[in-house]
Amino acid sequence: MDRWLCAALVGFAVTFTFSKPMPISQWLLLATLVAICAWHSSFIRRYAVVLGCVLCGIAWGSGNAYLHRMTLISDENFGTTSTLLMKVTEITQVQPEFWRVQGEVTRINHDILARPATVRLSWYEPPQQMTPPQAGTTWQFQARLKAAQGVRNDGGFLYHRYLVGQQIHALGSIRSGAYALGQASYRQRVFNRLAEFADELQQFGILQALTLGERQALTVEQWRIYQRTGLAHLIAISGLHLTLVAAGVLWITRHVLRYRARSRQRREINNSWLWATCIALGITCCYAALAGFATATVRAFVMFAVVIIHKYYALHTPPSRVLLRAVSVVLVVHPLAPLQSGFWLSVVAVATILWMHWRWPIIRGRWRGLRALWRLELTLTLAMWPLTALWFDGLPVLAPLTNLVVVPMVTFWVLPLSLISLVLVMLGASTSALWLFSLAEVPLNTLEPLLRYLADAPWQLLSASLTGAASNLLWLLLAWFFPWRWWWRVASTALFCFVLLVSDELHQQDTQIQFHVLDVDQGSAMVIASADEAIIIDTGANWELGGNMAERVILPFLKHHQLTPVLGFVSHTDNDHQGGVAALTDQFPRMRWFGSGHGLPCVAGQTGTWKQISWQVLYPRRVTNNDHNDDSCVLKFMINGTSILIPGDITKRGERALLAHVAPIRADVLVLAHHGSNSSSEGYFLQAVGPKLAIASRGRNNAYGMVAESVKQRLSQLNIPLLDTAIGGQISMTFTPQQWWVEQPWTGANRAWFDADN
């Protein structure tokens with residue numbers, strides 16, 4: 001059976017490489033061909049069952065991909081305000097001046113959907129006297145829908161993959177809403193009761209995350225501290241928490257049942273193991289339900305159930321095969337789980353633990369429990385190093401030590417008391433529950449100053465810029481752990497060091513220059529990179545509710561490519577161009593800035609040379625603060641003989657001024673002014689520039705209709721190809737002394753189906 005499961009998993013994995021889901025007709029044709037070949041070939045007939053399992057895996061993966069990609073909401077409903085009938089399925093995320101509502105839409109305007117579509121809506125500045133939508137109730141919203149799309153850049157968080165993994169079909173913003181019918185779910189009512197303790201508990205956000213899986217009460221500072229100390233896994237209900245609950249219930253139940261069955265007759269009639277496991281499964285299922293059956297909790301519950309079934313039927317199966325079967329069941333329950341980082345973290349963690357028990361001897365002697373736990377934490381940290389660096393911006397160096405101290409404390413103190421307190425809340429004993437919660441948070445309060453110190457220490461976090469080297473280092477560490485002779489280990493170390501030295505030298509000698517137009521939604525941000533340094537032009541937007549595109553896109557991009565910016569230009573003072581300046585200045589205080597009141601003014605006549613790149617400012621012709629669109633700083637770059645014109649947000653007036661003063665605007669590449677608005681890019685200006693390529697930096701769901709159809713028509717008439725960050729994400733151009741070329745590394749046309757453009 002396990003061989004068949006492996007074959008099915010291989011077929012399932014193959015579907016994640018398809019550019020689009022396989023239609024059922026193609027699958028049937030392939031299955032028919034396999035059947036015919038098996039009938040006429042004894043060799044294929046021998047492996048017909050395995051091939052059939054591969055086809056079943058392909059069918060399962062493609063079928064679920066097709067169902068997700070199947071259009072539930074027509075394109076005509078995007079970009080316009082519609083009336084939605086939504087059943088709220090998740091607890092509303094309540095923040096100051098902002099609510100996030102998620103649920104299943106059953107009707108749009110007067111059209112009833114064939115099946116409910118999962119939609120996530122944002123409600124900015126909701127009515128002050130209104131109660132947030134409760135999970136389980138049905139509401140009618142006036143909302144503007146948009147495609148479930150996110151920005152796509154190297155090193156950044158791929159939000160569109162997260163949305164696919166969560167099976168969310170659309171996003172949107174609420175204009176108004178009203179309660180329609182229904183009552184709040186039981187989980188919502190428990191959440192409301194628990195929220196009454198928010199002002200009484202210092203660690204309320206963490207306790208709420210441990211008991212209900214809701215992290216909205218966590219402050220930004222708390223999340224930063226736990227992430228940078230390697231403890232983020234403790235504040236999300238996962239396999240660790242469900243395993244602890246199950247183990248505790250098993251231990252208590254079996255001891256209680258054994259105490260009750262004091263006579264031999266009762267012991268022969270009652271099977272304490274059966275009753276204990278049934279009760280443990282029931283309670284862990286209830287715990288998963290309180291967590292909203294989130295993917296992580298369902299995954300943990302399924303794995304626990306598979307292990308219990310093997311124990312019950314006394315199946316003497318190697319742990320690796322139990323893991324294989326558990327993963328297979330998880331993929332049946334959540335077929336899109338591989339698109340979520342938690343799935344891989346769980347699988348790698350469990351596989352590492354199994355590998356340790358397979359290869360390493362049991363620790364004996366003094367302090368064996370502490371030594372075994374230390375070995376486990378250290379091995380898990382090293383094994384999960386690449387994934388942690390890739391998804392969490394670096395690896396906390398002291399993660400094994402902090403886990404060694406904090407995990408037992410949470411295991412044997414914080415979590416049990418918190419769950420008992422939650423039961424008391426459900427029973428209405430609020431006073432006793434508050435007292436136990438206060439007792440549960442004592443260790444967290446005690447450790448918080450130390451954890452904050454470690455989170456602030458720069459030496460404690462190994463930057464994600466070393467992700468590539470860390471991946472290689474992982475293989476080296478595994479080579480040292482592998483039981484072969486010492487000279488192989490020494491040879492592996494020498495080879496690793498040699499490869500690192502050669503790679504670094506080749507990187508320093510690289511003469512290629514790259515120009516990147518980043519996908520920052522409705523805004524502008526560009527990076528010119530040479531070796532390990534860069535120039536930045538514009539910095540995207542920031543938001544009143546917190547965050548900016550520099551933190552979300554530009555800084556991760558720079559870390560991914562190991563770049564240090566030395567020079568920056570800000571075309572003008574609009575938020576979508578200068579919103580990330582402060583964040584970049586904090587990270588790189590030695591940067592030299594031009595324009596919009598940052599550093600030196602940006603005025604025509606300024607020129608400069610940086611490495612093989614020369615730049616000049618063409619406009620404005622007088623010193624300004626670049627406050628208005630037509631005061632934008634217009635830049636022209638010359639890279640290995642190829643010219644790039646970046647006109648900011650100038651309108652037709654600014655374009656005419658450039659032509660009137662005979663500015664050298666002719667260029668090979670043009671970044672469209674004002675994101676492709678019809679207020680710019682007149683025909684005569686495009687003819688004067690004569691670009692071989694035009695680039696639009698804009699948002700997929702922008703409300704301004706950019707790129708304007710009239711601009712597209714003018715570009716088409718002049719045979720100027722257009723690339724768009726909203727369709728395909730980041731645009732990268734590479735320049736050598738002989739030639740240049742352009743690509744979109746994240747465009748859906750060149751990637752798997754889950755990266756397709758919506």
# chains A, B, ... in the order shown; residues from 1 in each chain; ligands from 1
>>> residues_around(residues="stretch 99-104 of chain A", least_positions_apart="2", cutoff="10 Å", atoms="only C-alpha atoms", output="number ranges by chain")
A: 84-97, 106-107, 115-126, 132-139, 168-169, 171-174
>>> residues_around(residues="A:Gly546", least_positions_apart="5", cutoff="12 Å", atoms="only C-alpha atoms", output="list in words")
Gln95, Pro96, Glu97, Phe98, Val220, Ala541, Glu551, Arg552, Gly579, Gly580 and Ala583 of chain A
>>> write_last_selection(atoms="C-alpha atoms", output="PDB file, in the first residue's frame")
ATOM      1  CA  GLN A  95      -8.090  46.849  14.441  1.00  0.00           C
ATOM      2  CA  PRO A  96      -8.347  50.601  15.041  1.00  0.00           C
ATOM      3  CA  GLU A  97     -10.287  52.099  12.109  1.00  0.00           C
ATOM      4  CA  PHE A  98     -10.149  48.798  10.256  1.00  0.00           C
ATOM      5  CA  VAL A 220       3.487  44.157  16.592  1.00  0.00           C
ATOM      6  CA  ALA A 541       3.545  53.923  -0.770  1.00  0.00           C
ATOM      7  CA  GLU A 551       9.279  47.037   4.280  1.00  0.00           C
ATOM      8  CA  ARG A 552       7.018  44.755   2.280  1.00  0.00           C
ATOM      9  CA  GLY A 579       6.166  56.445   1.154  1.00  0.00           C
ATOM     10  CA  GLY A 580       9.111  54.156   1.943  1.00  0.00           C
ATOM     11  CA  ALA A 583      12.133  52.894   6.253  1.00  0.00           C
TER      12      ALA A 583
END
>>> residues_around(residues="A:Leu376", least_positions_apart="5", cutoff="10 Å", atoms="only C-alpha atoms", output="ChimeraX atom specification")
/A:352-353,356,370-371,381,400,404
>>> closest_residue(among="A:Ala280, A:Ala296, A:Leu518, A:Ala752", to="A:Val330", atoms="only C-alpha atoms")
A:Ala296
>>> closest_residue(among="A:Ala494, A:Ala696, A:Leu415, A:Leu434", to="A:Ala198", atoms="only C-alpha atoms")
A:Leu434
>>> select_by_dssp(residues="stretch 283-466 of chain A", states="helix (DSSP H, G or I)", output="ChimeraX atom specification")
/A:283-290,295-312,319-333,337-339,341-359,368-383,385-391,399-427,430-440,442-456,458-460,464-466
>>> atom_distance(atom1="atom CA of A:Ser632", atom2="atom CA of A:Leu693")
21.6 Å
>>> residues_around(residues="stretch 221-234 of chain A", least_positions_apart="4", cutoff="8 Å", atoms="only C-alpha atoms", output="PDB file with N, CA, C and O atoms, in the first residue's frame")
ATOM      1  N   LEU A 210      -3.037  30.912  22.099  1.00  0.00           N
ATOM      2  CA  LEU A 210      -2.854  29.533  22.553  1.00  0.00           C
ATOM      3  C   LEU A 210      -4.172  28.798  22.724  1.00  0.00           C
ATOM      4  O   LEU A 210      -4.239  27.580  22.543  1.00  0.00           O
ATOM      5  N   SER A 238      -0.726  24.387  16.726  1.00  0.00           N
ATOM      6  CA  SER A 238      -0.139  23.499  15.717  1.00  0.00           C
ATOM      7  C   SER A 238      -0.037  22.094  16.294  1.00  0.00           C
ATOM      8  O   SER A 238      -0.664  21.759  17.301  1.00  0.00           O
ATOM      9  N   PHE A 392      11.033  33.528   7.250  1.00  0.00           N
ATOM     10  CA  PHE A 392      10.935  34.368   8.438  1.00  0.00           C
ATOM     11  C   PHE A 392      12.088  35.348   8.556  1.00  0.00           C
ATOM     12  O   PHE A 392      12.448  35.764   9.655  1.00  0.00           O
ATOM     13  N   LEU A 395      17.505  33.530  10.662  1.00  0.00           N
ATOM     14  CA  LEU A 395      17.553  32.434  11.623  1.00  0.00           C
ATOM     15  C   LEU A 395      18.039  32.955  12.967  1.00  0.00           C
ATOM     16  O   LEU A 395      19.148  33.483  13.066  1.00  0.00           O
ATOM     17  N   PRO A 396      17.232  32.836  14.041  1.00  0.00           N
ATOM     18  CA  PRO A 396      17.711  33.215  15.376  1.00  0.00           C
ATOM     19  C   PRO A 396      18.798  32.250  15.840  1.00  0.00           C
ATOM     20  O   PRO A 396      18.571  31.049  15.953  1.00  0.00           O
ATOM     21  N   LEU A 398      20.180  31.846  18.723  1.00  0.00           N
ATOM     22  CA  LEU A 398      19.927  31.226  20.022  1.00  0.00           C
ATOM     23  C   LEU A 398      18.581  30.516  20.092  1.00  0.00           C
ATOM     24  O   LEU A 398      18.064  30.267  21.192  1.00  0.00           O
ATOM     25  N   ALA A 399      17.989  30.208  18.949  1.00  0.00           N
ATOM     26  CA  ALA A 399      16.683  29.535  18.945  1.00  0.00           C
ATOM     27  C   ALA A 399      16.693  28.218  19.727  1.00  0.00           C
ATOM     28  O   ALA A 399      15.748  27.943  20.473  1.00  0.00           O
ATOM     29  N   THR A 402      16.586  29.262  23.523  1.00  0.00           N
ATOM     30  CA  THR A 402      15.310  29.858  23.932  1.00  0.00           C
ATOM     31  C   THR A 402      14.197  28.814  23.927  1.00  0.00           C
ATOM     32  O   THR A 402      13.334  28.812  24.814  1.00  0.00           O
ATOM     33  N   ASN A 403      14.205  27.926  22.944  1.00  0.00           N
ATOM     34  CA  ASN A 403      13.200  26.857  22.921  1.00  0.00           C
ATOM     35  C   ASN A 403      13.396  25.894  24.084  1.00  0.00           C
ATOM     36  O   ASN A 403      12.425  25.394  24.662  1.00  0.00           O
ATOM     37  N   VAL A 407       9.867  26.320  25.788  1.00  0.00           N
ATOM     38  CA  VAL A 407       8.935  25.259  25.403  1.00  0.00           C
ATOM     39  C   VAL A 407       8.464  24.438  26.604  1.00  0.00           C
ATOM     40  O   VAL A 407       7.258  24.211  26.767  1.00  0.00           O
ATOM     41  N   LEU A 451      13.596  38.170  26.543  1.00  0.00           N
ATOM     42  CA  LEU A 451      13.282  37.918  25.136  1.00  0.00           C
ATOM     43  C   LEU A 451      13.361  39.203  24.324  1.00  0.00           C
ATOM     44  O   LEU A 451      13.816  39.180  23.166  1.00  0.00           O
ATOM     45  N   ARG A 452      12.943  40.320  24.901  1.00  0.00           N
ATOM     46  CA  ARG A 452      13.041  41.595  24.182  1.00  0.00           C
ATOM     47  C   ARG A 452      14.495  41.964  23.936  1.00  0.00           C
ATOM     48  O   ARG A 452      14.859  42.459  22.862  1.00  0.00           O
ATOM     49  N   LEU A 454      17.003  39.862  23.585  1.00  0.00           N
ATOM     50  CA  LEU A 454      17.504  38.996  22.517  1.00  0.00           C
ATOM     51  C   LEU A 454      16.961  39.416  21.161  1.00  0.00           C
ATOM     52  O   LEU A 454      17.675  39.350  20.148  1.00  0.00           O
ATOM     53  N   ALA A 455      15.700  39.840  21.104  1.00  0.00           N
ATOM     54  CA  ALA A 455      15.113  40.261  19.832  1.00  0.00           C
ATOM     55  C   ALA A 455      15.782  41.522  19.305  1.00  0.00           C
ATOM     56  O   ALA A 455      15.898  41.710  18.086  1.00  0.00           O
ATOM     57  N   GLN A 460      21.980  38.323  17.246  1.00  0.00           N
ATOM     58  CA  GLN A 460      21.191  37.132  17.539  1.00  0.00           C
ATOM     59  C   GLN A 460      20.450  36.599  16.325  1.00  0.00           C
ATOM     60  O   GLN A 460      19.983  35.467  16.324  1.00  0.00           O
ATOM     61  N   LEU A 461      20.349  37.415  15.260  1.00  0.00           N
ATOM     62  CA  LEU A 461      19.598  37.005  14.066  1.00  0.00           C
ATOM     63  C   LEU A 461      20.534  36.919  12.873  1.00  0.00           C
ATOM     64  O   LEU A 461      21.165  37.914  12.500  1.00  0.00           O
TER      65      LEU A 461
END
>>> residues_around(residues="stretch 571-574 of chain A", least_positions_apart="5", cutoff="8 Å", atoms="only C-alpha atoms", output="ChimeraX atom specification")
/A:537-538,579,595-596,625-629,631-634,648-649
